[in-house]
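Below is one structure, written out as structure tokens; comments come after it.
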There are 2 protein chains.
Amino acid sequence: MDREWNDSQPIYRQLRDRVVAMILDGVLKEGDALPSVRNVAAEYRVNPLTVLKGYQQLVDEGLVESKRGLGMFVNVGAPKLLLKVERQKFLGEEWPRVRATIERLGLTATELLNGGAHSNEEPSLGDAPAKPVESDPAKKER
Amino acid sequence: MDREWNDSQPIYRQLRDRVVAMILDGVLKEGDALPSVRNVAAEYRVNPLTVLKGYQQLVDEGLVESKRGLGMFVNVGAPKLLLKVERQKFLGEEWPRVRATIERLGLTATELLNGGAHSNEEPSLGDAPAKPVESDPAKKER
DNA sequence: TACAGTGTTATAGTTAACTATAACAGTAAA
DNA sequence: TTTACTGTTATAGTTAACTATAACACTGTA
């Protein structure tokens, strides 16, 4: 896990997202114990309550089960459920926004997806984008 | 403009982003007046101070100039500057995250690009992804 | 039993975001 | 001057996020 925080989202949600990522990546498998609240709090120098809040979200989502005195554990079926739910969420909410941004910046989604620049490449401002993504004619703003 | 807010970011930042989008899209050109603080506040049913805070960000970024009694105006050079800065920000910060998510969810380029009205399509969990977005071969593990 | 791990709750304080309400200040036009 | 727009500041209150510190409750093991 990474040790830094993003100012664009509350810590507890980022925490939740990181655990989700670990489950999706198979780092945490069904039945596995999550890193303990206290450990995480110490390692990231964050308040235990903040960690708990993030973890509680996962419990509320039915992904994780809490066993007092033992720890918190990845539920059976969580990875599968997660893949489904997160895909829906991404395709329905995040991707449309991102895609709009890409178009707005005159970048091409195809290029970006096909192993183009990820890291810190500066697009020379001058050159016209090779093949801008056509904006969707049926695009509905909402 | 849209009338709704996203819980993932403070309103004033979303407001700022919308104006940025309008500038990039050419809806607001150099020298144009932004929608007035009071109008926006009324239309979106938001506090004038919140709108002002969003607008102030733009002033601080050198994109907009404020003229008391007159309004706030898009600076000369703002669109060009914006394109450069926002591209850098997107490629350096947002895209890497988004890309990681895409890979994690095993989504395919076709799935992402062909969805005109992809809103709430459920990716049938069963079928193997046709051609997952490849992770960068040059990516360094650490 | 004692102990060292777990999760959980209680108390209380700080800060950022947002809100309502009101007033102040500058510009242009009737 | 009056009116109707602009941006701006002042005062004060609410809520969510985060923090520190401490205690409570449970489990497995020495």
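Numbering starts fresh at 1 for the residues of each chain in the structure tokens, the chains themselves are lettered A, B, ... in the order given, and ligands are numbered from 1 as they appear.
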
Which of segment 8-102 of chain A end up as strand (DSSP E) when DSSP is run on this backbone - answer as a ChimeraX atom specification?
/A:64-67,71-74

Expected file: the selected residues, C-alpha atoms, as an mmCIF file, in the first residue's frame:
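As a result, again-v2.cif now contains:
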```cif
data_model
loop_
_atom_site.group_PDB
_atom_site.id
_atom_site.type_symbol
_atom_site.label_atom_id
_atom_site.label_comp_id
_atom_site.auth_asym_id
_atom_site.auth_seq_id
_atom_site.Cartn_x
_atom_site.Cartn_y
_atom_site.Cartn_z
ATOM 1 C CA VAL A 64 -16.082 -7.903 4.975
ATOM 2 C CA GLU A 65 -17.069 -9.430 8.256
ATOM 3 C CA SER A 66 -15.931 -8.235 11.621
ATOM 4 C CA LYS A 67 -15.068 -10.636 14.407
ATOM 5 C CA GLY A 71 -10.082 -9.149 13.207
ATOM 6 C CA MET A 72 -11.927 -8.329 10.017
ATOM 7 C CA PHE A 73 -12.185 -10.889 7.261
ATOM 8 C CA VAL A 74 -12.917 -10.903 3.568
#
```

Skipping near chain neighbours, those fewer than 3 positions away, what residues fall within 12 Å of DA16 of chain C using only C-alpha atoms (C1' of nucleotides), listed as a ChimeraX atom specification?
/A:7,10 /B:10 /D:15-18

Using only C-alpha atoms (C1' of nucleotides), find which residues of chain A lie within 6 Å of chain C and jot them down as a PyMOL selection string.
chain A and resi 68-71

Env of segment 18-26 of chain B: 12 Å cut, atoms = only C-alpha atoms (C1' of nucleotides), seq-sep filter 3 positions within chain, self excluded. Answer as a ChimeraX atom specification.
/A:97,100-106,135 /B:1-5,11-15,29-36,40,51,54-59,61,63-64,72-87

How close does chain D get to chain A? List, as a Markdown table, each residue of chain D within 7 Å, its nearest atom pair and the distance in Å to one decimal, counting only C-alpha atoms (C1' of nucleotides).
```
| residue | atom | partner | partner_atom | distance |
| --- | --- | --- | --- | --- |
| D:DT19 | C1' | A:Asn47 | CA | 6.6 |
| D:DC26 | C1' | A:Gly69 | CA | 4.6 |
| D:DT27 | C1' | A:Gly69 | CA | 5.0 |
```

Hey, what does DSSP flag as alpha helix (DSSP H) within segment 6-115 of chain B? Can you give it to me as number ranges by chain?
B: 11-24, 37-43, 48-60, 78-89, 95-104, 109-114
